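Chemist: The following block contains the structure, expressed as structure tokens.
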Amino acid sequence: QGQPVESGGGLVQAGGSLRLSCAASGRTFNWRGMGWFRQAPGKEREFVAAIPWSGGTTYYADSVKGRFTISRDNAKNTVYLQMNSLEPEDTARYYCATARGPYFSDINYSAPTSFNYWGQGTQVTVSS
């Protein structure tokens with residue numbers, strides 16, 4: 001089917017860390033940027049981080065900058081989200097998405113419409 005598959009979510013105490021993984025088929029991973037979004041109950045889905053095919057410039061939401069790191073292993077068709085210093089406000093369902101192309105511009109990296117394949121999500125819960 002081509003949809004990415006997320007893993008690595010769970011329950012963690014505030015200040016802790018988690019690493020999310022997202023695996024996709026070659027057809028929907030090769031030569032495509034990748035991104036992470038999240039959605040908390042009662043809130044809209046929001047951008048978290050994005051990385052181009054080349055793994056060069058990365059993009060982050062202000063709320064996670066300095067705490068989260070996105071990376072990718074193209075040999076494994078996998079993208080990661082390392083989350084450190086987690087806060088209760090980070091509690092959400094985290095979604096991996098495949099971009100429509102290999103690179104992002106400064107105006108489209110955070111737009112959901114820049115992505116066309118979405119995973120089912122993995123739950124992250126941070127307790128205080």
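Residue numbering restarts at 1 for every chain of the structure tokens, chains are lettered A, B, ... in their displayed order, and ligands are numbered from 1 as they appear.
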Tell me which protein, DNA and RNA residues are within 7 Å of Thr98 of chain A, counting only C-alpha atoms, leaving out same-chain ones fewer than 3 positions away, and put them as a list in words.
Modeler: Thr28, Phe29, Arg32, Gly33, Met34, Gly35, Phe115, Asn116, Tyr117 and Trp118 of chain A
Chemist: May I have the selected residues written with C-alpha atoms, as a PDB file, in the first residue's frame?
Modeler:
ATOM      1  CA  THR A  28       7.084   5.968  -1.125  1.00  0.00           C
ATOM      2  CA  PHE A  29      10.425   6.707   0.520  1.00  0.00           C
ATOM      3  CA  ARG A  32      11.036  11.972  -1.063  1.00  0.00           C
ATOM      4  CA  GLY A  33      11.203  14.249   1.912  1.00  0.00           C
ATOM      5  CA  MET A  34       9.713  12.971   5.153  1.00  0.00           C
ATOM      6  CA  GLY A  35       7.936  14.671   8.020  1.00  0.00           C
ATOM      7  CA  PHE A 115       2.683  15.350   2.067  1.00  0.00           C
ATOM      8  CA  ASN A 116       0.631  12.673   0.372  1.00  0.00           C
ATOM      9  CA  TYR A 117       1.201   9.448   2.309  1.00  0.00           C
ATOM     10  CA  TRP A 118       0.392   9.259   5.996  1.00  0.00           C
TER      11      TRP A 118
END
Chemist: Among segment 10-111 of chain A, which residues does DSSP mark as helix (DSSP H, G or I) when it is run on the backbone? Keep the chain and numbering as in the structure and answer as a ChimeraX atom specification.
Modeler: /A:26-29,74-76,88-90
Chemist: Quick one: contact table of segment 71-102 of chain A to segment 48-67 of chain A, 7 Å max, nearest atom pair and distance in Å to one decimal per residue, counting only C-alpha atoms, chain and number order, as a Markdown table?
Modeler:
| residue | atom | partner | partner_atom | distance |
| --- | --- | --- | --- | --- |
| A:Ser71 | CA | A:Gly55 | CA | 7.0 |
| A:Arg72 | CA | A:Gly55 | CA | 6.7 |
| A:Met83 | CA | A:Arg67 | CA | 6.2 |
| A:Asn84 | CA | A:Arg67 | CA | 5.2 |
| A:Ser85 | CA | A:Arg67 | CA | 6.1 |
| A:Pro102 | CA | A:Trp53 | CA | 4.9 |
Chemist: Please save N, CA, C and O atoms of the selected residues as a PDB file, in the first residue's frame.
Modeler:
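That gives us again_9.pdb:
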ATOM      1  N   SER A  71      15.965  12.550  11.702  1.00  0.00           N
ATOM      2  CA  SER A  71      17.057  12.008  10.903  1.00  0.00           C
ATOM      3  C   SER A  71      16.501  10.895  10.018  1.00  0.00           C
ATOM      4  O   SER A  71      15.357  10.469  10.203  1.00  0.00           O
ATOM      5  N   ARG A  72      17.292  10.431   9.078  1.00  0.00           N
ATOM      6  CA  ARG A  72      16.818   9.373   8.193  1.00  0.00           C
ATOM      7  C   ARG A  72      17.975   8.466   7.798  1.00  0.00           C
ATOM      8  O   ARG A  72      19.132   8.915   7.731  1.00  0.00           O
ATOM      9  N   MET A  83      13.261  12.339  20.545  1.00  0.00           N
ATOM     10  CA  MET A  83      12.578  13.334  21.357  1.00  0.00           C
ATOM     11  C   MET A  83      13.184  13.322  22.762  1.00  0.00           C
ATOM     12  O   MET A  83      13.097  12.311  23.470  1.00  0.00           O
ATOM     13  N   ASN A  84      13.796  14.433  23.122  1.00  0.00           N
ATOM     14  CA  ASN A  84      14.407  14.571  24.444  1.00  0.00           C
ATOM     15  C   ASN A  84      13.689  15.642  25.255  1.00  0.00           C
ATOM     16  O   ASN A  84      12.939  16.453  24.699  1.00  0.00           O
ATOM     17  N   SER A  85      13.930  15.644  26.549  1.00  0.00           N
ATOM     18  CA  SER A  85      13.329  16.641  27.442  1.00  0.00           C
ATOM     19  C   SER A  85      11.829  16.755  27.196  1.00  0.00           C
ATOM     20  O   SER A  85      11.285  17.856  27.060  1.00  0.00           O
ATOM     21  N   PRO A 102      11.285  15.560  -3.270  1.00  0.00           N
ATOM     22  CA  PRO A 102      12.498  15.331  -2.484  1.00  0.00           C
ATOM     23  C   PRO A 102      12.892  16.461  -1.541  1.00  0.00           C
ATOM     24  O   PRO A 102      13.593  16.219  -0.555  1.00  0.00           O
TER      25      PRO A 102
END
Chemist: What's the 8 Å shell around Ser25 of chain A, counting only C-alpha atoms, without same-chain residues fewer than 4 positions away, as a PDB file with N, CA and C atoms, in the first residue's frame?
Modeler:
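The resulting part-v2.pdb:
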ATOM      1  N   GLY A   2       1.999   1.230   0.664  1.00  0.00           N
ATOM      2  CA  GLY A   2       2.878   2.380   0.605  1.00  0.00           C
ATOM      3  C   GLY A   2       2.826   3.304   1.771  1.00  0.00           C
ATOM      4  N   GLN A   3       1.821   3.163   2.639  1.00  0.00           N
ATOM      5  CA  GLN A   3       1.772   4.083   3.774  1.00  0.00           C
ATOM      6  C   GLN A   3       2.921   3.820   4.735  1.00  0.00           C
ATOM      7  N   PRO A   4       3.473   4.886   5.300  1.00  0.00           N
ATOM      8  CA  PRO A   4       4.513   4.707   6.309  1.00  0.00           C
ATOM      9  C   PRO A   4       3.934   4.032   7.555  1.00  0.00           C
ATOM     10  N   PHE A  29       9.352   6.121  -0.290  1.00  0.00           N
ATOM     11  CA  PHE A  29      10.425   6.707   0.520  1.00  0.00           C
ATOM     12  C   PHE A  29      11.535   7.297  -0.336  1.00  0.00           C
ATOM     13  N   ASN A  77      15.225   2.778   4.496  1.00  0.00           N
ATOM     14  CA  ASN A  77      13.905   3.371   4.225  1.00  0.00           C
ATOM     15  C   ASN A  77      13.205   3.783   5.520  1.00  0.00           C
TER      16      ASN A  77
END
Chemist: Any idea what's packed within 6 Å of segment 125-127 of chain A, counting only C-alpha atoms, ignoring anything in its chain fewer than 6 positions away? Could you give it as a list in words?
Modeler: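 Contacts, with the query itself left out: Leu11, Val12, Gln13, Ala14, Pro88 and Thr91 of chain A.
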Chemist: Only all heavy atoms, please: the residues just picked out, written as a PDB file, in the first residue's frame.
Modeler:
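Contents of the output file out.pdb:
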ATOM      1  N   LEU A  11       4.569   5.553  26.946  1.00  0.00           N
ATOM      2  CA  LEU A  11       4.377   6.420  28.112  1.00  0.00           C
ATOM      3  C   LEU A  11       5.739   6.731  28.721  1.00  0.00           C
ATOM      4  O   LEU A  11       6.542   5.824  28.962  1.00  0.00           O
ATOM      5  CB  LEU A  11       3.491   5.714  29.136  1.00  0.00           C
ATOM      6  CG  LEU A  11       3.291   6.410  30.479  1.00  0.00           C
ATOM      7  CD1 LEU A  11       2.573   7.738  30.297  1.00  0.00           C
ATOM      8  CD2 LEU A  11       2.521   5.500  31.432  1.00  0.00           C
ATOM      9  N   VAL A  12       5.982   8.000  28.970  1.00  0.00           N
ATOM     10  CA  VAL A  12       7.268   8.420  29.524  1.00  0.00           C
ATOM     11  C   VAL A  12       7.029   9.567  30.491  1.00  0.00           C
ATOM     12  O   VAL A  12       6.067  10.329  30.331  1.00  0.00           O
ATOM     13  CB  VAL A  12       8.234   8.832  28.400  1.00  0.00           C
ATOM     14  CG1 VAL A  12       7.719  10.040  27.645  1.00  0.00           C
ATOM     15  CG2 VAL A  12       9.636   9.056  28.921  1.00  0.00           C
ATOM     16  N   GLN A  13       7.893   9.678  31.486  1.00  0.00           N
ATOM     17  CA  GLN A  13       7.783  10.782  32.425  1.00  0.00           C
ATOM     18  C   GLN A  13       8.368  12.052  31.828  1.00  0.00           C
ATOM     19  O   GLN A  13       9.238  12.012  30.945  1.00  0.00           O
ATOM     20  CB  GLN A  13       8.512  10.436  33.719  1.00  0.00           C
ATOM     21  CG  GLN A  13       7.802   9.397  34.573  1.00  0.00           C
ATOM     22  CD  GLN A  13       8.438   9.240  35.937  1.00  0.00           C
ATOM     23  OE1 GLN A  13       9.635   9.479  36.105  1.00  0.00           O
ATOM     24  NE2 GLN A  13       7.648   8.829  36.915  1.00  0.00           N
ATOM     25  N   ALA A  14       7.891  13.175  32.316  1.00  0.00           N
ATOM     26  CA  ALA A  14       8.423  14.469  31.876  1.00  0.00           C
ATOM     27  C   ALA A  14       9.938  14.490  32.077  1.00  0.00           C
ATOM     28  O   ALA A  14      10.440  14.029  33.114  1.00  0.00           O
ATOM     29  CB  ALA A  14       7.762  15.597  32.634  1.00  0.00           C
ATOM     30  N   PRO A  88       4.745  17.368  29.228  1.00  0.00           N
ATOM     31  CA  PRO A  88       3.354  16.905  29.100  1.00  0.00           C
ATOM     32  C   PRO A  88       2.659  17.474  27.861  1.00  0.00           C
ATOM     33  O   PRO A  88       1.801  16.808  27.280  1.00  0.00           O
ATOM     34  CB  PRO A  88       2.706  17.420  30.391  1.00  0.00           C
ATOM     35  CG  PRO A  88       3.828  17.439  31.377  1.00  0.00           C
ATOM     36  CD  PRO A  88       5.041  17.851  30.585  1.00  0.00           C
ATOM     37  N   THR A  91       2.363  15.432  24.627  1.00  0.00           N
ATOM     38  CA  THR A  91       1.434  14.309  24.526  1.00  0.00           C
ATOM     39  C   THR A  91       0.541  14.476  23.305  1.00  0.00           C
ATOM     40  O   THR A  91      -0.128  15.495  23.147  1.00  0.00           O
ATOM     41  CB  THR A  91       0.573  14.215  25.795  1.00  0.00           C
ATOM     42  OG1 THR A  91       1.414  13.889  26.900  1.00  0.00           O
ATOM     43  CG2 THR A  91      -0.499  13.148  25.640  1.00  0.00           C
TER      44      THR A  91
END
Chemist: Considering only C-alpha atoms, can you say which of A:Ala92, A:Leu81, A:Ala24, A:Leu86 comes closest to Gly8 of chain A?
Modeler: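 The answer is A:Leu81, which sits nearest to Gly8 of chain A.
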Chemist: Here is a test: counting only C-alpha atoms, which residue of A:Leu20, A:Thr78, A:Tyr94, A:Ala99 is nearest to Thr113 of chain A?
Modeler: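 Looking only at the distances to Thr113 of chain A, the closest residue turns out to be A:Ala99.
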Chemist: To test your reading of the structure, identify every residue in chain A that backbone DSSP assigns to strand (DSSP E or B), and report it as a ChimeraX atom specification.
Modeler: /A:5-7,10-13,18-23,34-39,46-51,59-60,68-73,78-83,92-99,115-118,122-127
Chemist: Leaving out Gly119 of chain A and any residue of its chain fewer than 4 positions from it, which residues lie within 7 Å of it when counting only C-alpha atoms, given as a PDB file with all heavy atoms, in the first residue's frame?
Modeler:
ATOM      1  N   GLN A   3       1.821   3.163   2.639  1.00  0.00           N
ATOM      2  CA  GLN A   3       1.772   4.083   3.774  1.00  0.00           C
ATOM      3  C   GLN A   3       2.921   3.820   4.735  1.00  0.00           C
ATOM      4  O   GLN A   3       3.295   2.680   4.977  1.00  0.00           O
ATOM      5  CB  GLN A   3       0.456   3.914   4.552  1.00  0.00           C
ATOM      6  CG  GLN A   3      -0.705   4.668   3.985  1.00  0.00           C
ATOM      7  CD  GLN A   3      -1.354   3.941   2.842  1.00  0.00           C
ATOM      8  OE1 GLN A   3      -1.000   2.815   2.527  1.00  0.00           O
ATOM      9  NE2 GLN A   3      -2.312   4.580   2.215  1.00  0.00           N
ATOM     10  N   PRO A   4       3.473   4.886   5.300  1.00  0.00           N
ATOM     11  CA  PRO A   4       4.513   4.707   6.309  1.00  0.00           C
ATOM     12  C   PRO A   4       3.934   4.032   7.555  1.00  0.00           C
ATOM     13  O   PRO A   4       2.735   4.119   7.826  1.00  0.00           O
ATOM     14  CB  PRO A   4       4.938   6.143   6.631  1.00  0.00           C
ATOM     15  CG  PRO A   4       4.394   6.987   5.540  1.00  0.00           C
ATOM     16  CD  PRO A   4       3.191   6.297   5.026  1.00  0.00           C
ATOM     17  N   VAL A   5       4.792   3.387   8.306  1.00  0.00           N
ATOM     18  CA  VAL A   5       4.386   2.714   9.536  1.00  0.00           C
ATOM     19  C   VAL A   5       5.254   3.218  10.683  1.00  0.00           C
ATOM     20  O   VAL A   5       6.480   3.039  10.661  1.00  0.00           O
ATOM     21  CB  VAL A   5       4.513   1.185   9.414  1.00  0.00           C
ATOM     22  CG1 VAL A   5       4.122   0.522  10.730  1.00  0.00           C
ATOM     23  CG2 VAL A   5       3.644   0.664   8.273  1.00  0.00           C
ATOM     24  N   GLU A   6       4.600   3.828  11.668  1.00  0.00           N
ATOM     25  CA  GLU A   6       5.315   4.380  12.806  1.00  0.00           C
ATOM     26  C   GLU A   6       5.438   3.364  13.936  1.00  0.00           C
ATOM     27  O   GLU A   6       4.599   2.473  14.080  1.00  0.00           O
ATOM     28  CB  GLU A   6       4.583   5.615  13.364  1.00  0.00           C
ATOM     29  CG  GLU A   6       4.313   6.711  12.368  1.00  0.00           C
ATOM     30  CD  GLU A   6       2.952   6.600  11.707  1.00  0.00           C
ATOM     31  OE1 GLU A   6       2.388   5.475  11.698  1.00  0.00           O
ATOM     32  OE2 GLU A   6       2.442   7.618  11.196  1.00  0.00           O
ATOM     33  N   TYR A  95       2.358  11.326  13.797  1.00  0.00           N
ATOM     34  CA  TYR A  95       2.175  10.773  12.465  1.00  0.00           C
ATOM     35  C   TYR A  95       3.399  11.029  11.600  1.00  0.00           C
ATOM     36  O   TYR A  95       3.933  12.140  11.590  1.00  0.00           O
ATOM     37  CB  TYR A  95       0.969  11.399  11.786  1.00  0.00           C
ATOM     38  CG  TYR A  95      -0.342  11.117  12.477  1.00  0.00           C
ATOM     39  CD1 TYR A  95      -0.801  11.949  13.495  1.00  0.00           C
ATOM     40  CD2 TYR A  95      -1.126  10.017  12.118  1.00  0.00           C
ATOM     41  CE1 TYR A  95      -2.007  11.697  14.134  1.00  0.00           C
ATOM     42  CE2 TYR A  95      -2.323   9.764  12.745  1.00  0.00           C
ATOM     43  CZ  TYR A  95      -2.758  10.594  13.752  1.00  0.00           C
ATOM     44  OH  TYR A  95      -3.941  10.343  14.386  1.00  0.00           O
ATOM     45  N   CYS A  96       3.780  10.024  10.866  1.00  0.00           N
ATOM     46  CA  CYS A  96       4.837  10.146   9.875  1.00  0.00           C
ATOM     47  C   CYS A  96       4.185  10.364   8.508  1.00  0.00           C
ATOM     48  O   CYS A  96       3.114   9.807   8.233  1.00  0.00           O
ATOM     49  CB  CYS A  96       5.662   8.859   9.868  1.00  0.00           C
ATOM     50  SG  CYS A  96       6.932   8.764   8.605  1.00  0.00           S
ATOM     51  N   ALA A  97       4.818  11.156   7.679  1.00  0.00           N
ATOM     52  CA  ALA A  97       4.253  11.436   6.369  1.00  0.00           C
ATOM     53  C   ALA A  97       5.349  11.524   5.319  1.00  0.00           C
ATOM     54  O   ALA A  97       6.465  11.984   5.603  1.00  0.00           O
ATOM     55  CB  ALA A  97       3.456  12.734   6.405  1.00  0.00           C
TER      56      ALA A  97
END
